[in-house]
file model.cif (mmCIF, N, CA, C and O atoms)
data_protein
#
loop_
_atom_site.label_atom_id
_atom_site.label_comp_id
_atom_site.auth_asym_id
_atom_site.auth_seq_id
_atom_site.Cartn_x
_atom_site.Cartn_y
_atom_site.Cartn_z
N MET A 43 -4.49 10.57 18.30
CA MET A 43 -4.11 9.32 17.71
C MET A 43 -2.82 9.49 16.93
O MET A 43 -2.66 10.42 16.15
N LYS A 44 -1.88 8.59 17.15
CA LYS A 44 -0.59 8.64 16.47
C LYS A 44 -0.75 8.20 15.02
O LYS A 44 -1.44 7.23 14.73
N ASP A 45 -0.11 8.94 14.13
CA ASP A 45 -0.14 8.55 12.72
C ASP A 45 0.63 7.26 12.52
O ASP A 45 1.68 7.05 13.12
N SER A 46 0.09 6.39 11.70
CA SER A 46 0.78 5.16 11.35
C SER A 46 0.88 5.11 9.83
O SER A 46 0.11 5.77 9.13
N PHE A 47 1.81 4.35 9.36
CA PHE A 47 2.01 4.26 7.92
C PHE A 47 1.97 2.81 7.48
O PHE A 47 2.29 1.91 8.24
N ALA A 48 1.54 2.61 6.26
CA ALA A 48 1.49 1.29 5.66
C ALA A 48 2.37 1.32 4.41
O ALA A 48 2.36 2.28 3.65
N PHE A 49 3.11 0.25 4.23
CA PHE A 49 4.02 0.12 3.10
C PHE A 49 3.46 -0.94 2.17
O PHE A 49 3.24 -2.07 2.57
N ILE A 50 3.21 -0.54 0.93
CA ILE A 50 2.57 -1.43 -0.04
C ILE A 50 3.63 -2.00 -0.98
O ILE A 50 4.44 -1.26 -1.55
N TYR A 51 3.56 -3.32 -1.15
CA TYR A 51 4.49 -4.04 -2.01
C TYR A 51 3.72 -4.87 -3.03
O TYR A 51 2.62 -5.34 -2.74
N VAL A 52 4.33 -5.06 -4.19
CA VAL A 52 3.79 -5.95 -5.22
C VAL A 52 4.87 -6.97 -5.54
O VAL A 52 6.05 -6.63 -5.75
N HIS A 53 4.46 -8.25 -5.60
CA HIS A 53 5.40 -9.32 -5.90
C HIS A 53 5.84 -9.20 -7.36
O HIS A 53 5.03 -9.00 -8.25
N ALA A 54 7.13 -9.33 -7.59
CA ALA A 54 7.70 -9.13 -8.92
C ALA A 54 7.24 -10.17 -9.93
O ALA A 54 7.19 -9.89 -11.13
N PHE A 55 6.88 -11.38 -9.48
CA PHE A 55 6.57 -12.44 -10.43
C PHE A 55 5.09 -12.73 -10.59
O PHE A 55 4.63 -13.02 -11.69
N ASN A 56 4.33 -12.65 -9.51
CA ASN A 56 2.92 -13.04 -9.62
C ASN A 56 1.93 -11.91 -9.33
O ASN A 56 0.73 -12.11 -9.37
N GLY A 57 2.41 -10.70 -9.00
CA GLY A 57 1.54 -9.55 -8.80
C GLY A 57 0.79 -9.53 -7.47
O GLY A 57 -0.05 -8.67 -7.25
N LEU A 58 1.11 -10.46 -6.58
CA LEU A 58 0.48 -10.50 -5.26
C LEU A 58 0.75 -9.18 -4.53
O LEU A 58 1.85 -8.63 -4.63
N ILE A 59 -0.25 -8.67 -3.84
CA ILE A 59 -0.13 -7.41 -3.11
C ILE A 59 0.04 -7.71 -1.64
O ILE A 59 -0.61 -8.59 -1.08
N ARG A 60 0.90 -6.93 -1.01
CA ARG A 60 1.19 -7.12 0.41
C ARG A 60 1.30 -5.75 1.06
O ARG A 60 1.91 -4.84 0.49
N VAL A 61 0.71 -5.59 2.25
CA VAL A 61 0.77 -4.32 2.98
C VAL A 61 1.41 -4.62 4.34
O VAL A 61 0.96 -5.51 5.05
N GLU A 62 2.44 -3.86 4.67
CA GLU A 62 3.22 -4.13 5.87
C GLU A 62 3.36 -2.89 6.75
O GLU A 62 3.28 -1.76 6.27
N SER A 63 3.61 -3.14 8.03
CA SER A 63 3.93 -2.07 8.97
C SER A 63 5.41 -1.75 8.83
O SER A 63 6.16 -2.47 8.15
N LEU A 64 5.86 -0.73 9.54
CA LEU A 64 7.27 -0.35 9.49
C LEU A 64 8.18 -1.49 9.93
O LEU A 64 9.20 -1.76 9.31
N ASP A 65 7.78 -2.18 10.99
CA ASP A 65 8.61 -3.27 11.52
C ASP A 65 8.85 -4.37 10.49
O ASP A 65 9.98 -4.83 10.30
N THR A 66 7.80 -4.82 9.83
CA THR A 66 7.96 -5.91 8.87
C THR A 66 8.45 -5.42 7.51
O THR A 66 9.09 -6.17 6.77
N ALA A 67 8.20 -4.17 7.19
CA ALA A 67 8.65 -3.62 5.90
C ALA A 67 10.17 -3.62 5.81
O ALA A 67 10.73 -3.81 4.72
N LYS A 68 10.83 -3.46 6.92
CA LYS A 68 12.30 -3.47 6.92
C LYS A 68 12.83 -4.80 6.38
O LYS A 68 13.83 -4.83 5.68
N HIS A 69 12.15 -5.88 6.69
CA HIS A 69 12.57 -7.21 6.24
C HIS A 69 12.18 -7.44 4.77
O HIS A 69 12.94 -8.03 4.01
N VAL A 70 11.00 -6.98 4.40
CA VAL A 70 10.52 -7.17 3.03
C VAL A 70 11.38 -6.38 2.05
O VAL A 70 11.64 -6.83 0.93
N ASP A 71 11.84 -5.20 2.46
CA ASP A 71 12.68 -4.37 1.59
C ASP A 71 13.95 -5.08 1.15
O ASP A 71 14.52 -4.77 0.11
N GLN A 72 14.39 -6.04 1.93
CA GLN A 72 15.62 -6.76 1.62
C GLN A 72 15.42 -7.85 0.57
O GLN A 72 16.38 -8.41 0.06
N SER A 73 14.17 -8.14 0.23
CA SER A 73 13.89 -9.19 -0.74
C SER A 73 13.71 -8.61 -2.14
O SER A 73 12.86 -7.74 -2.35
N PRO A 74 14.46 -9.11 -3.12
CA PRO A 74 14.30 -8.61 -4.50
C PRO A 74 12.98 -9.03 -5.14
O PRO A 74 12.59 -8.50 -6.17
N GLU A 75 12.27 -9.98 -4.52
CA GLU A 75 11.00 -10.44 -5.07
C GLU A 75 9.87 -9.41 -4.87
O GLU A 75 8.87 -9.46 -5.57
N TRP A 76 10.03 -8.52 -3.90
CA TRP A 76 8.98 -7.57 -3.57
C TRP A 76 9.38 -6.16 -3.96
O TRP A 76 10.45 -5.68 -3.60
N LYS A 77 8.49 -5.48 -4.71
CA LYS A 77 8.73 -4.10 -5.15
C LYS A 77 7.88 -3.16 -4.30
O LYS A 77 6.64 -3.29 -4.26
N HIS A 78 8.53 -2.21 -3.64
CA HIS A 78 7.80 -1.22 -2.86
C HIS A 78 7.16 -0.22 -3.82
O HIS A 78 7.85 0.38 -4.65
N VAL A 79 5.84 -0.06 -3.74
CA VAL A 79 5.15 0.83 -4.68
C VAL A 79 4.53 2.05 -4.03
O VAL A 79 4.26 3.04 -4.71
N ALA A 80 4.31 2.01 -2.71
CA ALA A 80 3.71 3.18 -2.05
C ALA A 80 3.88 3.09 -0.54
O ALA A 80 3.94 2.00 0.03
N THR A 81 3.94 4.26 0.08
CA THR A 81 3.86 4.39 1.53
C THR A 81 2.70 5.32 1.80
O THR A 81 2.64 6.42 1.23
N ILE A 82 1.76 4.88 2.61
CA ILE A 82 0.53 5.65 2.81
C ILE A 82 0.17 5.77 4.28
O ILE A 82 0.63 5.01 5.12
N ASN A 83 -0.69 6.73 4.56
CA ASN A 83 -1.37 6.81 5.85
C ASN A 83 -2.68 6.06 5.63
O ASN A 83 -3.56 6.53 4.90
N PRO A 84 -2.83 4.87 6.19
CA PRO A 84 -3.99 4.04 5.87
C PRO A 84 -5.33 4.66 6.25
O PRO A 84 -6.33 4.42 5.59
N HIS A 85 -5.36 5.47 7.30
CA HIS A 85 -6.62 6.10 7.70
C HIS A 85 -7.11 7.08 6.65
O HIS A 85 -8.29 7.11 6.30
N VAL A 86 -6.19 7.86 6.12
CA VAL A 86 -6.53 8.85 5.09
C VAL A 86 -6.96 8.16 3.80
O VAL A 86 -7.98 8.51 3.21
N VAL A 87 -6.20 7.17 3.37
CA VAL A 87 -6.50 6.49 2.11
C VAL A 87 -7.80 5.71 2.21
O VAL A 87 -8.61 5.72 1.27
N LEU A 88 -8.04 5.05 3.33
CA LEU A 88 -9.30 4.32 3.50
C LEU A 88 -10.48 5.28 3.43
O LEU A 88 -11.49 4.98 2.78
N GLU A 89 -10.36 6.43 4.05
CA GLU A 89 -11.45 7.42 3.98
C GLU A 89 -11.67 7.87 2.54
O GLU A 89 -12.82 7.99 2.08
N GLN A 90 -10.59 8.12 1.80
CA GLN A 90 -10.72 8.53 0.41
C GLN A 90 -11.42 7.47 -0.42
O GLN A 90 -12.30 7.78 -1.23
N ILE A 91 -11.05 6.21 -0.23
CA ILE A 91 -11.66 5.11 -0.98
C ILE A 91 -13.15 4.99 -0.64
O ILE A 91 -13.99 4.82 -1.52
N LEU A 92 -13.48 5.08 0.63
CA LEU A 92 -14.87 4.93 1.05
C LEU A 92 -15.76 6.08 0.57
O LEU A 92 -16.95 5.89 0.31
N ARG A 93 -15.20 7.26 0.46
CA ARG A 93 -15.99 8.42 0.00
C ARG A 93 -16.12 8.49 -1.52
O ARG A 93 -17.04 9.08 -2.04
N ALA A 94 -15.16 7.89 -2.22
CA ALA A 94 -15.16 7.95 -3.68
C ALA A 94 -16.22 7.02 -4.26
O ALA A 94 -16.63 6.05 -3.65
N LYS A 95 -16.62 7.32 -5.47
CA LYS A 95 -17.60 6.52 -6.18
C LYS A 95 -16.96 5.93 -7.44
O LYS A 95 -16.11 6.54 -8.06
N GLY A 96 -17.38 4.73 -7.79
CA GLY A 96 -17.06 4.07 -9.05
C GLY A 96 -15.68 4.30 -9.61
O GLY A 96 -14.69 3.79 -9.11
N LYS A 97 -15.62 5.06 -10.69
CA LYS A 97 -14.39 5.29 -11.43
C LYS A 97 -13.32 5.96 -10.57
O LYS A 97 -12.15 5.62 -10.65
N ASP A 98 -13.73 6.91 -9.74
CA ASP A 98 -12.78 7.61 -8.87
C ASP A 98 -12.16 6.63 -7.86
O ASP A 98 -10.97 6.68 -7.58
N ARG A 99 -12.98 5.74 -7.30
CA ARG A 99 -12.48 4.73 -6.35
C ARG A 99 -11.45 3.83 -7.05
O ARG A 99 -10.39 3.56 -6.50
N ASN A 100 -11.77 3.37 -8.23
CA ASN A 100 -10.84 2.52 -8.98
C ASN A 100 -9.53 3.24 -9.28
O ASN A 100 -8.47 2.64 -9.24
N GLN A 101 -9.62 4.52 -9.56
CA GLN A 101 -8.42 5.31 -9.87
C GLN A 101 -7.52 5.45 -8.64
O GLN A 101 -6.30 5.36 -8.75
N ILE A 102 -8.12 5.65 -7.47
CA ILE A 102 -7.33 5.75 -6.23
C ILE A 102 -6.58 4.44 -6.00
O ILE A 102 -5.39 4.43 -5.71
N ILE A 103 -7.27 3.32 -6.14
CA ILE A 103 -6.65 2.02 -5.92
C ILE A 103 -5.56 1.74 -6.94
O ILE A 103 -4.46 1.30 -6.60
N LYS A 104 -5.83 2.05 -8.20
CA LYS A 104 -4.84 1.86 -9.27
C LYS A 104 -3.59 2.68 -8.99
O LYS A 104 -2.46 2.20 -9.15
N HIS A 105 -3.78 3.90 -8.54
CA HIS A 105 -2.65 4.79 -8.25
C HIS A 105 -1.78 4.24 -7.13
O HIS A 105 -0.56 4.38 -7.14
N LEU A 106 -2.40 3.59 -6.14
CA LEU A 106 -1.64 3.01 -5.03
C LEU A 106 -0.73 1.88 -5.50
O LEU A 106 0.31 1.62 -4.88
N LEU A 107 -1.09 1.20 -6.56
CA LEU A 107 -0.36 0.01 -6.98
C LEU A 107 0.61 0.25 -8.13
O LEU A 107 1.19 -0.70 -8.66
N THR A 108 0.78 1.50 -8.52
CA THR A 108 1.72 1.78 -9.61
C THR A 108 2.83 2.70 -9.15
O THR A 108 2.78 3.29 -8.14
#
call {"tool": "encode", "arguments": {"input": "model.cif", "output": "structure tokens"}}
result
Amino acid sequence: MKDSFAFIYVHAFNGLIRVESLDTAKHVDQSPEWKHVATINPHVVLEQILRAKGKDRNQIIKHLLT
């Protein structure tokens, strides 16, 4: 399976979260309204979130958005 990446953005004014593929991320990067906060391998991160419990799960998610 080919590795894929997800690009995570947070809206500068309202905090809305958006996750994009490489193709659409190129367009979002041009907008000053969206701040790029992380680039991840979604398969790895999803597995980490699903295996984590409570506080650890929240910490993983918080880390992705800062």
call {"tool": "residues_around", "arguments": {"input": "model.cif", "residues": "region 65-67 of chain A", "least_positions_apart": "4", "cutoff": "7 Å", "atoms": "only N, CA, C and O atoms", "output": "NGL selection string"}}
result
:A and (49 or 71-72)
call {"tool": "residues_around", "arguments": {"input": "model.cif", "residues": "Ile50 (chain A)", "least_positions_apart": "5", "cutoff": "7 Å", "atoms": "all atoms listed in the file", "output": "PyMOL selection string"}}
result
chain A and resi 59-62+77-82+106
call {"tool": "residues_around", "arguments": {"input": "model.cif", "residues": "region 103-105 of chain A", "least_positions_apart": "2", "cutoff": "12 Å", "atoms": "only C-alpha atoms", "output": "PyMOL selection string"}}
result
chain A and resi 50+59+79-82+87-88+90-92+94-101+107-108
call {"tool": "select_by_dssp", "arguments": {"input": "model.cif", "residues": "chain A", "states": "alpha helix (DSSP H)", "output": "list of chain:residue names"}}
result
A:Leu64, A:Asp65, A:Thr66, A:Ala67, A:Lys68, A:His69, A:Val70, A:Pro84, A:His85, A:Val86, A:Val87, A:Leu88, A:Glu89, A:Gln90, A:Ile91, A:Leu92, A:Arg93, A:Gly96, A:Lys97, A:Asp98, A:Arg99, A:Asn100, A:Gln101, A:Ile102, A:Ile103, A:Lys104, A:His105, A:Leu106
call {"tool": "atom_distance", "arguments": {"input": "model.cif", "atom1": "atom N of Tyr51 (chain A)", "atom2": "CA of Trp76 (chain A)"}}
result
7.3 Å
call {"tool": "axis_aligned_box", "arguments": {"input": "model.cif", "around": "region 55-72 of chain A", "padding_each_side": "8 Å", "output": "lines of an AutoDock Vina configuration file"}}
result
center_x = 7.9
center_y = -6.7
center_z = -0.1
size_x = 33.0
size_y = 28.7
size_z = 39.2
call {"tool": "atom_distance", "arguments": {"input": "model.cif", "atom1": "CA of Phe55 (chain A)", "atom2": "CA of His69 (chain A)"}}
result
18.5 Å
call {"tool": "atom_distance", "arguments": {"input": "model.cif", "atom1": "atom O of Arg93 (chain A)", "atom2": "atom C of Asn56 (chain A)"}}
result
29.2 Å
call {"tool": "residues_around", "arguments": {"input": "model.cif", "residues": "Glu75 (chain A)", "least_positions_apart": "6", "cutoff": "4.5 Å", "atoms": "only N, CA, C and O atoms", "output": "tab-separated table (two decimals) with N, CA, C and O atoms, keeping the file's coordinate frame"}}
result
chain	number	residue	atom	x	y	z
A	52	VAL	N	4.33	-5.06	-4.19
A	52	VAL	CA	3.79	-5.95	-5.22
A	52	VAL	C	4.87	-6.97	-5.54
A	52	VAL	O	6.05	-6.63	-5.75
A	53	HIS	N	4.46	-8.25	-5.60
A	53	HIS	CA	5.40	-9.32	-5.90
A	53	HIS	C	5.84	-9.20	-7.36
A	53	HIS	O	5.03	-9.00	-8.25
A	54	ALA	N	7.13	-9.33	-7.59
A	54	ALA	CA	7.70	-9.13	-8.92
A	54	ALA	C	7.24	-10.17	-9.93
A	54	ALA	O	7.19	-9.89	-11.13
call {"tool": "build_atoms", "arguments": {"input": "model.cif", "residues": "region 93-104 of chain A", "atoms": "all heavy atoms", "output": "short mmCIF file (atom, residue, chain, number, x, y, z; two decimals), keeping the file's coordinate frame"}}
result
data_model
loop_
_atom_site.label_atom_id
_atom_site.label_comp_id
_atom_site.auth_asym_id
_atom_site.auth_seq_id
_atom_site.Cartn_x
_atom_site.Cartn_y
_atom_site.Cartn_z
N ARG A 93 -15.20 7.26 0.46
CA ARG A 93 -15.99 8.42 0.00
C ARG A 93 -16.12 8.49 -1.52
O ARG A 93 -17.04 9.08 -2.04
CB ARG A 93 -15.36 9.71 0.51
CG ARG A 93 -15.53 9.91 1.98
CD ARG A 93 -14.89 11.19 2.44
NE ARG A 93 -14.98 11.31 3.88
CZ ARG A 93 -15.48 12.35 4.50
NH1 ARG A 93 -15.92 13.39 3.83
NH2 ARG A 93 -15.53 12.37 5.81
N ALA A 94 -15.16 7.89 -2.22
CA ALA A 94 -15.16 7.95 -3.68
C ALA A 94 -16.22 7.02 -4.26
O ALA A 94 -16.63 6.05 -3.65
CB ALA A 94 -13.78 7.57 -4.21
N LYS A 95 -16.62 7.32 -5.47
CA LYS A 95 -17.60 6.52 -6.18
C LYS A 95 -16.96 5.93 -7.44
O LYS A 95 -16.11 6.54 -8.06
CB LYS A 95 -18.79 7.39 -6.61
CG LYS A 95 -19.49 8.10 -5.48
CD LYS A 95 -20.48 7.19 -4.82
CE LYS A 95 -21.31 7.97 -3.83
NZ LYS A 95 -21.26 7.52 -2.50
N GLY A 96 -17.38 4.73 -7.79
CA GLY A 96 -17.06 4.07 -9.05
C GLY A 96 -15.68 4.30 -9.61
O GLY A 96 -14.69 3.79 -9.11
N LYS A 97 -15.62 5.06 -10.69
CA LYS A 97 -14.39 5.29 -11.43
C LYS A 97 -13.32 5.96 -10.57
O LYS A 97 -12.15 5.62 -10.65
CB LYS A 97 -14.70 6.15 -12.66
CG LYS A 97 -13.75 6.00 -13.78
CD LYS A 97 -14.23 6.83 -14.96
CE LYS A 97 -13.93 6.11 -16.25
NZ LYS A 97 -14.31 6.88 -17.42
N ASP A 98 -13.73 6.91 -9.74
CA ASP A 98 -12.78 7.61 -8.87
C ASP A 98 -12.16 6.63 -7.86
O ASP A 98 -10.97 6.68 -7.58
CB ASP A 98 -13.44 8.76 -8.12
CG ASP A 98 -13.82 9.90 -9.05
OD1 ASP A 98 -13.18 10.05 -10.11
OD2 ASP A 98 -14.75 10.64 -8.71
N ARG A 99 -12.98 5.74 -7.30
CA ARG A 99 -12.48 4.73 -6.35
C ARG A 99 -11.45 3.83 -7.05
O ARG A 99 -10.39 3.56 -6.50
CB ARG A 99 -13.64 3.90 -5.82
CG ARG A 99 -13.19 2.82 -4.86
CD ARG A 99 -14.37 2.03 -4.35
NE ARG A 99 -15.17 2.88 -3.49
CZ ARG A 99 -16.48 2.78 -3.31
NH1 ARG A 99 -17.16 1.84 -3.95
NH2 ARG A 99 -17.13 3.59 -2.52
N ASN A 100 -11.77 3.37 -8.23
CA ASN A 100 -10.84 2.52 -8.98
C ASN A 100 -9.53 3.24 -9.28
O ASN A 100 -8.47 2.64 -9.24
CB ASN A 100 -11.48 2.03 -10.27
CG ASN A 100 -12.61 1.06 -10.03
OD1 ASN A 100 -12.72 0.47 -8.96
ND2 ASN A 100 -13.48 0.91 -11.01
N GLN A 101 -9.62 4.52 -9.56
CA GLN A 101 -8.42 5.31 -9.87
C GLN A 101 -7.52 5.45 -8.64
O GLN A 101 -6.30 5.36 -8.75
CB GLN A 101 -8.83 6.70 -10.40
CG GLN A 101 -7.70 7.45 -11.04
CD GLN A 101 -7.19 6.78 -12.31
OE1 GLN A 101 -7.87 5.98 -12.93
NE2 GLN A 101 -5.98 7.09 -12.69
N ILE A 102 -8.12 5.65 -7.47
CA ILE A 102 -7.33 5.75 -6.23
C ILE A 102 -6.58 4.44 -6.00
O ILE A 102 -5.39 4.43 -5.71
CB ILE A 102 -8.25 6.06 -5.03
CG1 ILE A 102 -8.84 7.47 -5.15
CG2 ILE A 102 -7.50 5.91 -3.71
CD1 ILE A 102 -9.97 7.76 -4.17
N ILE A 103 -7.27 3.32 -6.14
CA ILE A 103 -6.65 2.02 -5.92
C ILE A 103 -5.56 1.74 -6.94
O ILE A 103 -4.46 1.30 -6.60
CB ILE A 103 -7.72 0.90 -5.92
CG1 ILE A 103 -8.66 1.10 -4.72
CG2 ILE A 103 -7.07 -0.47 -5.91
CD1 ILE A 103 -9.91 0.25 -4.78
N LYS A 104 -5.83 2.05 -8.20
CA LYS A 104 -4.84 1.86 -9.27
C LYS A 104 -3.59 2.68 -8.99
O LYS A 104 -2.46 2.20 -9.15
CB LYS A 104 -5.44 2.23 -10.61
CG LYS A 104 -4.52 2.01 -11.77
CD LYS A 104 -5.18 2.36 -13.07
CE LYS A 104 -4.24 2.17 -14.24
NZ LYS A 104 -4.85 2.56 -15.51
#
